[in-house]
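Novice: This is model13.pdb (PDB, C-alpha atoms).
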```pdb
ATOM      1  CA  THR A  29       8.365 -16.374   9.338
ATOM      2  CA  LEU A  30      11.202 -17.691  11.411
ATOM      3  CA  ALA A  31      11.415 -21.463  11.502
ATOM      4  CA  ARG A  32      12.067 -23.241  14.778
ATOM      5  CA  SER A  33      15.134 -25.454  15.030
ATOM      6  CA  VAL A  34      15.016 -29.078  16.170
ATOM      7  CA  ASN A  35      15.481 -28.115  19.821
ATOM      8  CA  GLY A  36      12.588 -25.622  19.659
ATOM      9  CA  SER A  37      14.642 -22.452  19.801
ATOM     10  CA  ARG A  38      14.164 -19.817  17.165
ATOM     11  CA  PRO A  39      17.194 -18.777  15.073
ATOM     12  CA  SER A  40      18.127 -15.110  15.160
ATOM     13  CA  ILE A  41      16.781 -12.778  12.504
ATOM     14  CA  SER A  42      20.387 -12.237  11.405
ATOM     15  CA  THR A  43      20.837 -15.992  10.885
ATOM     16  CA  CYS A  44      17.608 -16.167   8.878
ATOM     17  CA  ILE A  45      18.588 -13.218   6.672
ATOM     18  CA  ASP A  46      22.025 -14.743   6.062
ATOM     19  CA  GLU A  47      20.396 -18.059   5.094
ATOM     20  CA  ILE A  48      18.040 -16.335   2.649
ATOM     21  CA  ARG A  49      20.916 -14.348   1.131
ATOM     22  CA  GLY A  50      22.839 -17.605   0.695
ATOM     23  CA  ARG A  51      19.891 -19.169  -1.136
ATOM     24  CA  ILE A  52      19.600 -16.069  -3.340
ATOM     25  CA  ALA A  53      23.314 -16.216  -4.157
ATOM     26  CA  ALA A  54      23.090 -19.909  -5.068
ATOM     27  CA  ALA A  55      20.052 -19.338  -7.297
ATOM     28  CA  ALA A  56      21.711 -16.347  -8.960
ATOM     29  CA  LYS A  57      24.850 -18.375  -9.615
ATOM     30  CA  ARG A  58      22.817 -21.211 -11.163
ATOM     31  CA  SER A  59      21.179 -18.743 -13.550
ATOM     32  CA  GLY A  60      24.359 -16.818 -14.376
ATOM     33  CA  ARG A  61      23.252 -13.653 -12.559
ATOM     34  CA  ASP A  62      25.126 -11.391 -10.198
ATOM     35  CA  PRO A  63      23.770 -12.003  -6.668
ATOM     36  CA  GLY A  64      24.402  -8.316  -5.941
ATOM     37  CA  ALA A  65      21.769  -7.395  -8.525
ATOM     38  CA  VAL A  66      19.033  -9.140  -6.506
ATOM     39  CA  VAL A  67      17.228  -7.052  -3.888
ATOM     40  CA  LEU A  68      15.887  -8.849  -0.833
ATOM     41  CA  ILE A  69      12.728  -7.126   0.387
ATOM     42  CA  GLY A  70      11.427  -8.092   3.809
ATOM     43  CA  VAL A  71       7.631  -8.003   3.860
ATOM     44  CA  VAL A  72       6.653  -6.477   7.202
ATOM     45  CA  LYS A  73       2.884  -6.959   7.091
ATOM     46  CA  THR A  74       1.765  -7.846  10.651
ATOM     47  CA  VAL A  75       5.388  -8.195  11.842
ATOM     48  CA  PRO A  76       6.064  -6.726  15.312
ATOM     49  CA  ILE A  77       8.011  -3.449  15.270
ATOM     50  CA  ASP A  78      10.833  -4.860  17.424
ATOM     51  CA  LEU A  79      11.427  -7.676  14.930
ATOM     52  CA  ILE A  80      11.444  -5.170  12.039
ATOM     53  CA  ARG A  81      14.036  -3.079  13.882
ATOM     54  CA  ASP A  82      16.117  -6.243  14.466
ATOM     55  CA  ALA A  83      15.956  -7.036  10.738
ATOM     56  CA  VAL A  84      17.125  -3.534   9.844
ATOM     57  CA  ALA A  85      19.939  -3.787  12.405
ATOM     58  CA  ALA A  86      20.917  -7.113  10.780
ATOM     59  CA  GLY A  87      21.340  -5.341   7.441
ATOM     60  CA  LEU A  88      17.940  -5.736   5.774
ATOM     61  CA  ALA A  89      17.788  -2.447   3.871
ATOM     62  CA  ASP A  90      14.526  -2.895   1.918
ATOM     63  CA  LEU A  91      11.114  -3.329   3.532
ATOM     64  CA  GLY A  92       7.760  -3.895   1.856
ATOM     65  CA  GLU A  93       4.224  -3.226   2.995
ATOM     66  CA  ASN A  94       1.029  -3.879   1.099
ATOM     67  CA  ARG A  95      -1.298  -1.312   2.675
ATOM     68  CA  VAL A  96      -0.641   2.406   2.870
ATOM     69  CA  GLN A  97      -2.358   2.955   6.208
ATOM     70  CA  GLU A  98      -0.461   0.139   7.963
ATOM     71  CA  ALA A  99       2.775   1.286   6.351
ATOM     72  CA  GLU A 100       2.407   4.793   7.750
ATOM     73  CA  ALA A 101       2.411   3.476  11.325
ATOM     74  CA  VAL A 102       5.322   1.103  10.672
ATOM     75  CA  ILE A 103       7.401   3.733   8.871
ATOM     76  CA  ASP A 104       6.797   6.215  11.700
ATOM     77  CA  ALA A 105       7.824   3.631  14.306
ATOM     78  CA  VAL A 106      10.896   2.273  12.497
ATOM     79  CA  GLY A 107      11.965   5.519  10.842
ATOM     80  CA  ARG A 108      11.664   6.789   7.290
ATOM     81  CA  ALA A 109      15.427   6.738   6.773
ATOM     82  CA  ALA A 110      15.921   3.287   8.342
ATOM     83  CA  ALA A 111      15.255   1.440   5.078
ATOM     84  CA  ARG A 112      14.043   1.745   1.500
ATOM     85  CA  TRP A 113      10.268   1.347   1.648
ATOM     86  CA  HIS A 114       8.388  -0.560  -1.063
ATOM     87  CA  MET A 115       4.643  -0.428  -1.716
ATOM     88  CA  ILE A 116       4.098  -4.044  -2.752
ATOM     89  CA  GLY A 117       0.332  -4.464  -2.800
ATOM     90  CA  HIS A 118      -2.460  -3.223  -4.994
ATOM     91  CA  LEU A 119      -2.630   0.555  -4.716
ATOM     92  CA  GLN A 120      -5.919   2.406  -4.964
ATOM     93  CA  ARG A 121      -5.770   5.694  -6.838
ATOM     94  CA  ASN A 122      -7.153   7.644  -3.869
ATOM     95  CA  LYS A 123      -4.071   6.604  -1.840
ATOM     96  CA  ALA A 124      -1.515   7.526  -4.518
ATOM     97  CA  ALA A 125      -0.512  10.824  -2.897
ATOM     98  CA  ARG A 126       0.169   9.164   0.458
ATOM     99  CA  ALA A 127       2.106   6.373  -1.268
ATOM    100  CA  ALA A 128       4.237   8.835  -3.251
ATOM    101  CA  GLU A 129       5.121  10.597  -0.011
ATOM    102  CA  ARG A 130       5.948   7.498   2.037
ATOM    103  CA  PHE A 131       7.434   4.927  -0.338
ATOM    104  CA  ASP A 132      10.686   4.753  -2.280
ATOM    105  CA  ARG A 133       9.233   2.432  -4.935
ATOM    106  CA  VAL A 134       5.715   1.391  -5.948
ATOM    107  CA  HIS A 135       5.456  -2.172  -7.281
ATOM    108  CA  GLY A 136       1.894  -2.328  -8.469
ATOM    109  CA  VAL A 137       1.133   0.187 -11.210
ATOM    110  CA  ASP A 138      -1.520  -1.493 -13.318
ATOM    111  CA  ASP A 139      -3.273   1.313 -15.175
ATOM    112  CA  ALA A 140      -2.612   4.765 -16.623
ATOM    113  CA  ALA A 141      -4.966   6.521 -14.195
ATOM    114  CA  LEU A 142      -2.989   5.230 -11.190
ATOM    115  CA  ALA A 143       0.281   6.153 -12.902
ATOM    116  CA  GLY A 144      -1.069   9.654 -13.520
ATOM    117  CA  ALA A 145      -2.113  10.062  -9.878
ATOM    118  CA  LEU A 146       1.336   8.926  -8.710
ATOM    119  CA  ALA A 147       3.028  11.274 -11.196
ATOM    120  CA  ARG A 148       0.977  14.260 -10.019
ATOM    121  CA  ALA A 149       1.751  13.477  -6.376
ATOM    122  CA  ALA A 150       5.463  12.974  -7.084
ATOM    123  CA  GLY A 151       5.496  16.264  -8.998
ATOM    124  CA  ARG A 152       4.011  18.121  -6.007
ATOM    125  CA  LEU A 153       6.766  16.569  -3.879
ATOM    126  CA  ALA A 154       9.428  17.522  -6.454
ATOM    127  CA  ARG A 155      10.637  13.941  -6.684
ATOM    128  CA  ARG A 156      10.976  11.182  -9.243
ATOM    129  CA  LEU A 157       9.231   8.024  -8.050
ATOM    130  CA  PRO A 158      10.480   4.595  -9.194
ATOM    131  CA  VAL A 159       7.629   2.266 -10.202
ATOM    132  CA  LEU A 160       7.143  -1.255 -11.485
ATOM    133  CA  ILE A 161       4.267  -2.184 -13.758
ATOM    134  CA  GLN A 162       2.328  -5.172 -12.457
ATOM    135  CA  VAL A 163       1.538  -7.675 -15.202
ATOM    136  CA  ASN A 164      -1.062 -10.411 -14.754
ATOM    137  CA  VAL A 165       0.863 -13.249 -16.426
ATOM    138  CA  SER A 166      -1.457 -15.961 -15.123
ATOM    139  CA  GLY A 167      -4.630 -14.444 -16.566
ATOM    140  CA  GLU A 168      -6.403 -15.060 -13.259
ATOM    141  CA  ALA A 169      -9.356 -12.714 -12.740
ATOM    142  CA  SER A 170      -8.627 -12.650  -8.999
ATOM    143  CA  LYS A 171      -5.191 -11.079  -9.516
ATOM    144  CA  TYR A 172      -4.364  -7.464 -10.172
ATOM    145  CA  GLY A 173      -2.155  -6.385 -13.026
ATOM    146  CA  VAL A 174      -2.366  -5.220 -16.585
ATOM    147  CA  ARG A 175      -3.118  -7.846 -19.211
ATOM    148  CA  GLU A 176      -0.138  -8.753 -21.358
ATOM    149  CA  GLU A 177      -1.634  -7.187 -24.505
ATOM    150  CA  ALA A 178      -2.087  -3.846 -22.678
ATOM    151  CA  LEU A 179       1.446  -3.756 -21.285
ATOM    152  CA  GLY A 180       3.038  -1.863 -24.202
ATOM    153  CA  PRO A 181       0.607   1.072 -24.133
ATOM    154  CA  LEU A 182       0.833   1.319 -20.334
ATOM    155  CA  ALA A 183       4.648   1.223 -20.418
ATOM    156  CA  ASP A 184       4.602   3.997 -23.029
ATOM    157  CA  ALA A 185       2.254   6.076 -20.862
ATOM    158  CA  VAL A 186       4.374   5.606 -17.722
ATOM    159  CA  GLY A 187       7.566   6.297 -19.690
ATOM    160  CA  ALA A 188       6.112   9.626 -20.837
ATOM    161  CA  MET A 189       5.624  10.791 -17.232
ATOM    162  CA  PRO A 190       8.851  12.519 -16.136
ATOM    163  CA  GLU A 191       7.890  12.255 -12.460
ATOM    164  CA  LEU A 192       7.951   8.448 -12.668
ATOM    165  CA  GLU A 193      10.941   6.213 -13.282
ATOM    166  CA  LEU A 194       9.906   2.925 -14.874
ATOM    167  CA  ASP A 195      12.130   0.338 -13.161
ATOM    168  CA  GLY A 196      10.628  -2.766 -14.702
ATOM    169  CA  LEU A 197       7.868  -5.285 -14.258
ATOM    170  CA  MET A 198       6.498  -7.320 -11.395
ATOM    171  CA  SER A 199       4.125 -10.221 -11.421
ATOM    172  CA  ILE A 200       2.670 -12.958  -9.294
ATOM    173  CA  GLY A 201       2.546 -16.293 -11.047
ATOM    174  CA  ALA A 202      -0.194 -18.858 -10.973
ATOM    175  CA  PRO A 203      -0.186 -21.221  -7.996
ATOM    176  CA  VAL A 204       1.762 -24.312  -9.004
ATOM    177  CA  GLU A 205       3.035 -27.512  -7.418
ATOM    178  CA  ARG A 206       6.634 -27.015  -8.601
ATOM    179  CA  ALA A 207       8.449 -23.720  -9.195
ATOM    180  CA  GLU A 208       9.480 -24.888 -12.669
ATOM    181  CA  ASP A 209       5.802 -24.954 -13.685
ATOM    182  CA  ALA A 210       5.530 -21.171 -13.191
ATOM    183  CA  ARG A 211       8.479 -20.267 -15.403
ATOM    184  CA  GLY A 212       6.487 -20.173 -18.658
ATOM    185  CA  GLY A 213       4.347 -17.259 -17.500
ATOM    186  CA  PHE A 214       7.341 -15.299 -16.274
ATOM    187  CA  ALA A 215       9.318 -16.044 -19.439
ATOM    188  CA  ARG A 216       6.488 -14.572 -21.529
TER
END
```
Any chance you could put this one into structure tokens?
Specialist:
Amino acid sequence: TLARSVNGSRPSISTCIDEIRGRIAAAAKRSGRDPGAVVLIGVVKTVPIDLIRDAVAAGLADLGENRVQEAEAVIDAVGRAAARWHMIGHLQRNKAARAAERFDRVHGVDDAALAGALARAAGRLARRLPVLIQVNVSGEASKYGVREEALGPLADAVGAMPELELDGLMSIGAPVERAEDARGGFAR
């Protein structure tokens, strides 16, 4: 969300995006990474269409939505070619075909059956769909993701599907007081 300044006015979306990019660049520099290798994805869940259009006009090229049905309306309103669209939430297998059609990358592959459904849908569309495997690093039962011990077999299964391009992993860490406390799970 956009923070209000001291005088109560709201900074422009362009100012906010620039500030976030600056923080990303500083964090990348501290860790010895190239800031250009970090992709900023604006999550558009419940964001008004006009604000999404402003973000795209300000140079935000990647947008994420966590529900297929809401994404369809947003993508239609903003334009399919306006940005790279990311499916960032848990994806049900029965929505895999719609996701393969609408999204440029799926972030939440957590089992072979879902991967297979995405691969079949991508094959029908004659496209190769980039995916990330979601890993449950915190072990929390309330979170989606493959358990760490099942990651290797799932990665092998996804890697054997020519319609899918395995881009990497994604995870949501355990809730912690300080960011440093979450690093152990991500390091694993």
Novice: Give as JSON, numbers by chain the residues that the PyMOL selection byres ((chain A and resi 153-168) around 8) matches when applied to the coordinates above.
Specialist: {"A": [128, 129, 132, 133, 134, 135, 136, 137, 138, 146, 147, 149, 150, 151, 152, 169, 170, 171, 172, 173, 174, 175, 176, 179, 183, 190, 191, 192, 193, 194, 195, 196, 197, 198, 199, 200, 201, 202, 213, 214, 216]}
Novice: Quick one: apply the PyMOL selection byres ((chain A and resi 82) around 12) to the file and drop the selected residues here as a compact mmCIF listing (two decimals) with C-alpha atoms, keeping the file's coordinate frame.
Specialist:
```txt
# COMPACT_ATOMS: atom_id res chain seq x y z
CA SER A 40 18.13 -15.11 15.16
CA ILE A 41 16.78 -12.78 12.50
CA SER A 42 20.39 -12.24 11.40
CA THR A 43 20.84 -15.99 10.88
CA CYS A 44 17.61 -16.17 8.88
CA ILE A 45 18.59 -13.22 6.67
CA GLY A 70 11.43 -8.09 3.81
CA VAL A 72 6.65 -6.48 7.20
CA VAL A 75 5.39 -8.20 11.84
CA PRO A 76 6.06 -6.73 15.31
CA ILE A 77 8.01 -3.45 15.27
CA ASP A 78 10.83 -4.86 17.42
CA LEU A 79 11.43 -7.68 14.93
CA ILE A 80 11.44 -5.17 12.04
CA ARG A 81 14.04 -3.08 13.88
CA ALA A 83 15.96 -7.04 10.74
CA VAL A 84 17.12 -3.53 9.84
CA ALA A 85 19.94 -3.79 12.40
CA ALA A 86 20.92 -7.11 10.78
CA GLY A 87 21.34 -5.34 7.44
CA LEU A 88 17.94 -5.74 5.77
CA ALA A 89 17.79 -2.45 3.87
CA VAL A 106 10.90 2.27 12.50
CA ALA A 110 15.92 3.29 8.34
```
Novice: Figure out the distance between CA of Pro181 in chain A and CA of Ala143 in chain A, please, to one decimal in Å.
Specialist: 12.3 Å
Novice: Between CA of Gln97 in chain A and CA of Pro203 in chain A, what is the distance in Å, rounded to a tenth?
Specialist: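 So the two atoms, CA of Gln97 in chain A and CA of Pro203 in chain A, lie 28.1 Å apart.
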Novice: If I take CA of Gln120 in chain A and CA of Leu142 in chain A, how far is one from the other in Å, to one decimal?
Specialist: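 Between these atoms lies a distance of 7.4 Å.
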Novice: Do you know which residues the PyMOL selection byres ((chain A and resi 96) around 8) returns on this file, as JSON, numbers by chain?
Specialist: {"A": [93, 94, 95, 97, 98, 99, 100, 115, 123, 126, 127]}
Novice: So which residues touch Arg121 in chain A within 8 Å, counting only C-alpha atoms, skipping near sequence neighbours fewer than 3 positions away, as a list in words?
Specialist: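 Here the answer would be Ala124, Ala141, Leu142 and Ala145 of chain A.
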Novice: Compute the distance from (14.5, -8.3, -1.5) to each atom, counting only C-alpha atoms, keep the residues with any atom at most 10 Å away, and return them as a list in words; use the coordinates of the file.
Specialist: Ile48, Arg49, Ile52, Val66, Val67, Leu68, Ile69, Gly70, Val71, Leu88, Ala89, Asp90, Leu91, Gly92 and His114 of chain A
Novice: Mind rebuilding range 63-90 of chain A with N, CA and C atoms and writing that out as an mmCIF file, keeping the file's coordinate frame?
Specialist:
```cif
data_model
loop_
_atom_site.group_PDB
_atom_site.id
_atom_site.type_symbol
_atom_site.label_atom_id
_atom_site.label_comp_id
_atom_site.auth_asym_id
_atom_site.auth_seq_id
_atom_site.Cartn_x
_atom_site.Cartn_y
_atom_site.Cartn_z
ATOM 1 N N PRO A 63 24.598 -12.037 -7.876
ATOM 2 C CA PRO A 63 23.770 -12.003 -6.668
ATOM 3 C C PRO A 63 23.564 -10.586 -6.137
ATOM 4 N N GLY A 64 24.519 -9.701 -6.395
ATOM 5 C CA GLY A 64 24.402 -8.316 -5.941
ATOM 6 C C GLY A 64 23.318 -7.538 -6.659
ATOM 7 N N ALA A 65 22.828 -8.071 -7.775
ATOM 8 C CA ALA A 65 21.769 -7.395 -8.525
ATOM 9 C C ALA A 65 20.371 -7.766 -8.014
ATOM 10 N N VAL A 66 20.308 -8.694 -7.059
ATOM 11 C CA VAL A 66 19.033 -9.140 -6.506
ATOM 12 C C VAL A 66 18.780 -8.380 -5.212
ATOM 13 N N VAL A 67 17.593 -7.801 -5.087
ATOM 14 C CA VAL A 67 17.228 -7.052 -3.888
ATOM 15 C C VAL A 67 16.298 -7.909 -3.027
ATOM 16 N N LEU A 68 16.705 -8.132 -1.801
ATOM 17 C CA LEU A 68 15.887 -8.849 -0.833
ATOM 18 C C LEU A 68 14.994 -7.833 -0.130
ATOM 19 N N ILE A 69 13.686 -8.018 -0.260
ATOM 20 C CA ILE A 69 12.728 -7.126 0.387
ATOM 21 C C ILE A 69 12.007 -7.917 1.473
ATOM 22 N N GLY A 70 12.128 -7.461 2.696
ATOM 23 C CA GLY A 70 11.427 -8.092 3.809
ATOM 24 C C GLY A 70 10.013 -7.552 3.893
ATOM 25 N N VAL A 71 9.036 -8.422 3.763
ATOM 26 C CA VAL A 71 7.631 -8.003 3.860
ATOM 27 C C VAL A 71 7.287 -7.912 5.341
ATOM 28 N N VAL A 72 6.848 -6.734 5.776
ATOM 29 C CA VAL A 72 6.653 -6.477 7.202
ATOM 30 C C VAL A 72 5.189 -6.483 7.633
ATOM 31 N N LYS A 73 4.312 -6.904 6.759
ATOM 32 C CA LYS A 73 2.884 -6.959 7.091
ATOM 33 C C LYS A 73 2.681 -7.809 8.349
ATOM 34 N N THR A 74 2.097 -7.225 9.355
ATOM 35 C CA THR A 74 1.765 -7.846 10.651
ATOM 36 C C THR A 74 2.990 -8.268 11.472
ATOM 37 N N VAL A 75 4.175 -7.853 11.095
ATOM 38 C CA VAL A 75 5.388 -8.195 11.842
ATOM 39 C C VAL A 75 5.556 -7.191 12.985
ATOM 40 N N PRO A 76 5.857 -7.656 14.190
ATOM 41 C CA PRO A 76 6.064 -6.726 15.312
ATOM 42 C C PRO A 76 7.206 -5.747 15.034
ATOM 43 N N ILE A 77 7.036 -4.534 15.509
ATOM 44 C CA ILE A 77 8.011 -3.449 15.270
ATOM 45 C C ILE A 77 9.401 -3.845 15.756
ATOM 46 N N ASP A 78 9.511 -4.483 16.909
ATOM 47 C CA ASP A 78 10.833 -4.860 17.424
ATOM 48 C C ASP A 78 11.557 -5.809 16.473
ATOM 49 N N LEU A 79 10.819 -6.739 15.877
ATOM 50 C CA LEU A 79 11.427 -7.676 14.930
ATOM 51 C C LEU A 79 11.858 -6.951 13.652
ATOM 52 N N ILE A 80 11.073 -5.968 13.215
ATOM 53 C CA ILE A 80 11.444 -5.170 12.039
ATOM 54 C C ILE A 80 12.730 -4.404 12.331
ATOM 55 N N ARG A 81 12.813 -3.809 13.502
ATOM 56 C CA ARG A 81 14.036 -3.079 13.882
ATOM 57 C C ARG A 81 15.235 -4.028 13.918
ATOM 58 N N ASP A 82 15.032 -5.252 14.438
ATOM 59 C CA ASP A 82 16.117 -6.243 14.466
ATOM 60 C C ASP A 82 16.572 -6.588 13.053
ATOM 61 N N ALA A 83 15.618 -6.715 12.129
ATOM 62 C CA ALA A 83 15.956 -7.036 10.738
ATOM 63 C C ALA A 83 16.769 -5.913 10.103
ATOM 64 N N VAL A 84 16.378 -4.683 10.370
ATOM 65 C CA VAL A 84 17.125 -3.534 9.844
ATOM 66 C C VAL A 84 18.528 -3.514 10.447
ATOM 67 N N ALA A 85 18.629 -3.758 11.745
ATOM 68 C CA ALA A 85 19.939 -3.787 12.405
ATOM 69 C C ALA A 85 20.817 -4.906 11.850
ATOM 70 N N ALA A 86 20.178 -5.990 11.360
ATOM 71 C CA ALA A 86 20.917 -7.113 10.780
ATOM 72 C C ALA A 86 21.268 -6.870 9.312
ATOM 73 N N GLY A 87 20.936 -5.696 8.795
ATOM 74 C CA GLY A 87 21.340 -5.341 7.441
ATOM 75 C C GLY A 87 20.266 -5.425 6.385
ATOM 76 N N LEU A 88 19.026 -5.722 6.759
ATOM 77 C CA LEU A 88 17.940 -5.736 5.774
ATOM 78 C C LEU A 88 17.584 -4.287 5.455
ATOM 79 N N ALA A 89 17.908 -3.858 4.238
ATOM 80 C CA ALA A 89 17.788 -2.447 3.871
ATOM 81 C C ALA A 89 16.515 -2.112 3.106
ATOM 82 N N ASP A 90 15.739 -3.120 2.703
ATOM 83 C CA ASP A 90 14.526 -2.895 1.918
ATOM 84 C C ASP A 90 13.356 -3.586 2.607
#
```
